2 protein chains.
Amino acid sequence: MKKLINDPRAVVNESVEGFGQAHADLVTVVPDPLYITRRDAPVKGKVGLVSGGGSGHEPLHAGFVGFGMLDAAVPGPVFTSPTPDAILPATMAVDGGAGVVQIVKNYTGDVLNFETAAELAQAEGVEVRTILVNDDVAVQDSLYTAGRRGVAGTVLVEKIAGAAAERGDDLDTVTAIGNRVNSNVRSMGVALSACIVPHAGQPSFDLEENEIEIGIGIHGEPGRHRIPMENADGITDRLLDPVLEDLGIASGEEVLLFVNGMGGTPQSELYIVYRRAAQVLAERGISVARSLVGNYITALEMQGCSITVLRLDSELKELWDAPVQTAAMRWGR
Amino acid sequence: MKKLINDPRAVVNESVEGFGQAHADLVTVVPDPLYITRRDAPVKGKVGLVSGGGSGHEPLHAGFVGFGMLDAAVPGPVFTSPTPDAILPATMAVDGGAGVVQIVKNYTGDVLNFETAAELAQAEGVEVRTILVNDDVAVQDSLYTAGRRGVAGTVLVEKIAGAAAERGDDLDTVTAIGNRVNSNVRSMGVALSACIVPHAGQPSFDLEENEIEIGIGIHGEPGRHRIPMENADGITDRLLDPVLEDLGIASGEEVLLFVNGMGGTPQSELYIVYRRAAQVLAERGISVARSLVGNYITALEMQGCSITVLRLDSELKELWDAPVQTAAMRWGR
């Protein structure tokens, strides 16, 4: 295992420390228990947004803390849920009096720990709502999940719910908009290689020289099946077809097309996948109104990508376009 | 070789096609000969900025085409210089009447081909100046270079010279500012793994299981030496010390600290490197006034990073902060 790390047990703390220093204009890092807030938190009168989960998916979630997106991110150990004792103070720290929305990817540990933290926060007088993200169409249940997994759709939920909170929507409206994004977004991924969790020191699964895994999870948990390597267009079709089918999207509708890199795949390859996906959507009469291409939710250095399609309406487009100022997503401000 | 590609010979064309579709609000792709311009090119009265070079370093250069940065990018085949027959029309296309500045990384092929294109453009009445970037302190001559190689400092030259052109500086002033950045920036990189050029199909060099290469080039060309794997802090010191020494930076000065990923390294590791570099700079009384962390100039899926330090003055800071709107770098607008 060759990694740019020091002590495998210190990876998250040291990385977040560097992150906080590099982006001190945007965020504040609280070291123990570890969480990150936007620098001006709490924003008085604004609904606070908190997300979090296991580390190793960077820039998710800390990279999305800032104006127009998250108020706080709570990083757990690599691929391991953060505990309520970190989620609770993060929740309290971003309550500006209008309540707090938790954005939770659907993994059993995350769901339980955010739920516990929500109950504790409510006992302290903070109103808490939860948006559960479960956009992965690959499998119904999985290694760490009952039901569908939450994957790249989370990035879109965080951006759009964050914009709603920033424009002054109340707690129930922000929650409803986040849930609307989740209802209209689907994803599926592929792995060309495994990744190595630092404290494990070896790959979390094995792929043969010429084998890929369709429907992979963002922790390397099993997908639908392993197949021999194919070309980019063929793989793109294998990911996009189930996404479109599950979404029930029709000719004439508008979508956001998001090609996400898993961490170890060159950007040039992501655009080759994007090209084919855009081609298929055009053939079906679906209009790509917005695009996102890059490493936004990763699995350490895994090679592969995921394709996400979000059905748009005029309000979701407006919220997507709204200004955002975070380490990993920034425009309009 | 597992890559998300179709025909290895079509990688650049298909990738740039996808890039153009995903960012149609920012850029125009001209397919044959292949180059990319900002959508509103030529901007009347503004100095035009053209860069380019072999592909495989994305987001460099196409990702930096747009308001406040490059007017055109000319991608060659993977790790191979573009030819004058593509550089020339790109140059002509972005001449708004105030002349054109070429930003050229110091590789023999790039230097020759941009020089030829400059002569042809001048014969057609366009004034052309050249900024040669050679910030890599690792080695004096290299596989494709006489003198020092141009590496991550190029990103900073493109941003700052681009801001100067956008505010209305004339041809000689933009050139002088770009040269000032180059004079005040130094870089050095490390590889933990090699990368595979698609049409070659095998790694461009071999590293042992526990071996890394200090001073690697962005095409995998040899650096200073190979050493057994070390921890992140040790590797950071090995990169940063020669950079600081060569730059002759003194206590009390202000710098921009840039930790660049080579493509296959997780973002969390880049921030661990950033953390140590910031620590060393603080110990030496050098103030990190600006930061950049991420994959900005890559070597396909190579694992590793580079560290770049730019000595700042108040004008360079102002130009760095100026609005930019490109696919890979966007703020303030």
# chains A, B, ... in the order shown; residues from 1 in each chain; ligands from 1
>>> residues_around(residues="Ala98 in chain B", least_positions_apart="4", cutoff="12 Å", atoms="only C-alpha atoms", output="PDB file with N, CA, C and O atoms, in the first residue's frame")
ATOM      1  N   PRO B  42     -13.554  36.118 -30.551  1.00  0.00           N
ATOM      2  CA  PRO B  42     -12.539  36.930 -29.874  1.00  0.00           C
ATOM      3  C   PRO B  42     -13.182  38.077 -29.103  1.00  0.00           C
ATOM      4  O   PRO B  42     -14.212  38.595 -29.519  1.00  0.00           O
ATOM      5  N   VAL B  43     -12.577  38.430 -27.971  1.00  0.00           N
ATOM      6  CA  VAL B  43     -13.084  39.556 -27.190  1.00  0.00           C
ATOM      7  C   VAL B  43     -12.384  40.816 -27.698  1.00  0.00           C
ATOM      8  O   VAL B  43     -11.165  40.951 -27.572  1.00  0.00           O
ATOM      9  N   LYS B  44     -13.190  41.692 -28.279  1.00  0.00           N
ATOM     10  CA  LYS B  44     -12.632  42.873 -28.958  1.00  0.00           C
ATOM     11  C   LYS B  44     -11.814  43.742 -28.005  1.00  0.00           C
ATOM     12  O   LYS B  44     -12.277  44.097 -26.926  1.00  0.00           O
ATOM     13  N   GLY B  45     -10.594  44.055 -28.417  1.00  0.00           N
ATOM     14  CA  GLY B  45      -9.750  44.953 -27.643  1.00  0.00           C
ATOM     15  C   GLY B  45      -8.982  44.293 -26.512  1.00  0.00           C
ATOM     16  O   GLY B  45      -8.113  44.911 -25.905  1.00  0.00           O
ATOM     17  N   LYS B  46      -9.315  43.017 -26.221  1.00  0.00           N
ATOM     18  CA  LYS B  46      -8.620  42.301 -25.137  1.00  0.00           C
ATOM     19  C   LYS B  46      -7.459  41.484 -25.704  1.00  0.00           C
ATOM     20  O   LYS B  46      -7.582  40.898 -26.784  1.00  0.00           O
ATOM     21  N   VAL B  47      -6.355  41.442 -24.996  1.00  0.00           N
ATOM     22  CA  VAL B  47      -5.267  40.533 -25.358  1.00  0.00           C
ATOM     23  C   VAL B  47      -5.782  39.095 -25.265  1.00  0.00           C
ATOM     24  O   VAL B  47      -6.420  38.730 -24.275  1.00  0.00           O
ATOM     25  N   GLY B  48      -5.528  38.296 -26.291  1.00  0.00           N
ATOM     26  CA  GLY B  48      -5.942  36.890 -26.279  1.00  0.00           C
ATOM     27  C   GLY B  48      -4.871  36.018 -25.648  1.00  0.00           C
ATOM     28  O   GLY B  48      -3.675  36.256 -25.833  1.00  0.00           O
ATOM     29  N   LEU B  49      -5.294  35.008 -24.903  1.00  0.00           N
ATOM     30  CA  LEU B  49      -4.339  34.065 -24.296  1.00  0.00           C
ATOM     31  C   LEU B  49      -4.570  32.666 -24.844  1.00  0.00           C
ATOM     32  O   LEU B  49      -5.677  32.143 -24.753  1.00  0.00           O
ATOM     33  N   MET B  92      -5.385  32.769 -34.253  1.00  0.00           N
ATOM     34  CA  MET B  92      -6.134  33.742 -35.061  1.00  0.00           C
ATOM     35  C   MET B  92      -7.547  33.950 -34.495  1.00  0.00           C
ATOM     36  O   MET B  92      -8.077  35.061 -34.511  1.00  0.00           O
ATOM     37  N   VAL B  94      -8.639  33.984 -31.520  1.00  0.00           N
ATOM     38  CA  VAL B  94      -8.798  34.733 -30.267  1.00  0.00           C
ATOM     39  C   VAL B  94      -8.124  36.093 -30.318  1.00  0.00           C
ATOM     40  O   VAL B  94      -8.006  36.773 -29.288  1.00  0.00           O
ATOM     41  N   GLY B 125      -0.327  39.183 -39.548  1.00  0.00           N
ATOM     42  CA  GLY B 125      -0.630  40.482 -38.953  1.00  0.00           C
ATOM     43  C   GLY B 125      -1.054  40.474 -37.503  1.00  0.00           C
ATOM     44  O   GLY B 125      -1.481  41.502 -36.973  1.00  0.00           O
ATOM     45  N   VAL B 126      -0.933  39.327 -36.826  1.00  0.00           N
ATOM     46  CA  VAL B 126      -1.281  39.268 -35.402  1.00  0.00           C
ATOM     47  C   VAL B 126      -0.001  39.349 -34.568  1.00  0.00           C
ATOM     48  O   VAL B 126       0.927  38.572 -34.765  1.00  0.00           O
ATOM     49  N   GLU B 127       0.026  40.291 -33.658  1.00  0.00           N
ATOM     50  CA  GLU B 127       1.183  40.405 -32.761  1.00  0.00           C
ATOM     51  C   GLU B 127       1.143  39.266 -31.747  1.00  0.00           C
ATOM     52  O   GLU B 127       0.125  39.055 -31.086  1.00  0.00           O
ATOM     53  N   VAL B 128       2.249  38.534 -31.602  1.00  0.00           N
ATOM     54  CA  VAL B 128       2.286  37.397 -30.675  1.00  0.00           C
ATOM     55  C   VAL B 128       3.473  37.528 -29.714  1.00  0.00           C
ATOM     56  O   VAL B 128       4.577  37.874 -30.126  1.00  0.00           O
ATOM     57  N   ARG B 129       3.207  37.259 -28.439  1.00  0.00           N
ATOM     58  CA  ARG B 129       4.276  37.174 -27.434  1.00  0.00           C
ATOM     59  C   ARG B 129       4.194  35.800 -26.787  1.00  0.00           C
ATOM     60  O   ARG B 129       3.143  35.165 -26.804  1.00  0.00           O
ATOM     61  N   ALA B 165      -5.091  40.260 -18.574  1.00  0.00           N
ATOM     62  CA  ALA B 165      -5.697  40.521 -19.891  1.00  0.00           C
ATOM     63  C   ALA B 165      -7.151  40.961 -19.727  1.00  0.00           C
ATOM     64  O   ALA B 165      -7.614  41.888 -20.401  1.00  0.00           O
ATOM     65  N   GLU B 166      -7.857  40.328 -18.802  1.00  0.00           N
ATOM     66  CA  GLU B 166      -9.285  40.643 -18.620  1.00  0.00           C
ATOM     67  C   GLU B 166      -9.489  42.061 -18.109  1.00  0.00           C
ATOM     68  O   GLU B 166     -10.469  42.722 -18.466  1.00  0.00           O
ATOM     69  N   GLY B 168      -7.742  44.514 -18.957  1.00  0.00           N
ATOM     70  CA  GLY B 168      -7.441  45.442 -20.044  1.00  0.00           C
ATOM     71  C   GLY B 168      -5.984  45.782 -20.235  1.00  0.00           C
ATOM     72  O   GLY B 168      -5.644  46.687 -21.008  1.00  0.00           O
ATOM     73  N   ASP B 169      -5.095  45.053 -19.561  1.00  0.00           N
ATOM     74  CA  ASP B 169      -3.663  45.300 -19.761  1.00  0.00           C
ATOM     75  C   ASP B 169      -3.277  45.039 -21.214  1.00  0.00           C
ATOM     76  O   ASP B 169      -3.864  44.195 -21.891  1.00  0.00           O
ATOM     77  N   ASP B 170      -2.261  45.768 -21.700  1.00  0.00           N
ATOM     78  CA  ASP B 170      -1.851  45.583 -23.104  1.00  0.00           C
ATOM     79  C   ASP B 170      -0.906  44.386 -23.247  1.00  0.00           C
ATOM     80  O   ASP B 170      -0.532  43.742 -22.257  1.00  0.00           O
ATOM     81  N   LEU B 171      -0.552  44.077 -24.483  1.00  0.00           N
ATOM     82  CA  LEU B 171       0.194  42.861 -24.811  1.00  0.00           C
ATOM     83  C   LEU B 171       1.489  42.737 -24.008  1.00  0.00           C
ATOM     84  O   LEU B 171       1.779  41.672 -23.445  1.00  0.00           O
ATOM     85  N   ASP B 172       2.265  43.820 -23.961  1.00  0.00           N
ATOM     86  CA  ASP B 172       3.543  43.733 -23.255  1.00  0.00           C
ATOM     87  C   ASP B 172       3.346  43.593 -21.746  1.00  0.00           C
ATOM     88  O   ASP B 172       4.111  42.903 -21.071  1.00  0.00           O
ATOM     89  N   THR B 173       2.319  44.232 -21.219  1.00  0.00           N
ATOM     90  CA  THR B 173       2.073  44.156 -19.772  1.00  0.00           C
ATOM     91  C   THR B 173       1.616  42.754 -19.373  1.00  0.00           C
ATOM     92  O   THR B 173       2.096  42.193 -18.374  1.00  0.00           O
ATOM     93  N   VAL B 174       0.701  42.183 -20.148  1.00  0.00           N
ATOM     94  CA  VAL B 174       0.251  40.820 -19.844  1.00  0.00           C
ATOM     95  C   VAL B 174       1.439  39.858 -19.887  1.00  0.00           C
ATOM     96  O   VAL B 174       1.606  39.001 -19.004  1.00  0.00           O
TER      97      VAL B 174
END
>>> select_by_dssp(residues="range 51-254 of chain B", states="helix (DSSP H, G or I)", output="MDAnalysis selection string")
chainID B and resid 62:64 84:93 108:123 153:166 171:183 232:247
>>> interface_residues(of="chain A", to="chain B", cutoff="6 Å", atoms="only C-alpha atoms", output="list in words")
Leu4, Ile5, Asn6, Glu14, Ser15, Gly18, Phe19, Ala22, Asn231, Ala232, Gly263, Gly264, Thr265, Pro266, Ser268, Glu269, Tyr271, Ile272, Tyr274, Arg275, Ser291, Leu300, Glu301, Trp331, Gly332 and Arg333 of chain A
>>> residues_around(residues="Ser204 in chain B", least_positions_apart="2", cutoff="8 Å", atoms="only C-alpha atoms", output="JSON, numbers by chain")
{"B": [194, 195, 196, 197, 202, 206, 220]}
>>> atom_distance(atom1="CA of Glu158 in chain A", atom2="CA of Leu310 in chain A")
13.2 Å
>>> atom_distance(atom1="CA of Arg39 in chain A", atom2="CA of Phe79 in chain A")
26.1 Å
>>> atom_distance(atom1="CA of Tyr144 in chain B", atom2="CA of Gly215 in chain B")
14.8 Å
>>> closest_residue(among="B:Ala322, B:Phe64, B:Pro77, B:Met188", to="Pro8 in chain B", atoms="only C-alpha atoms")
B:Pro77
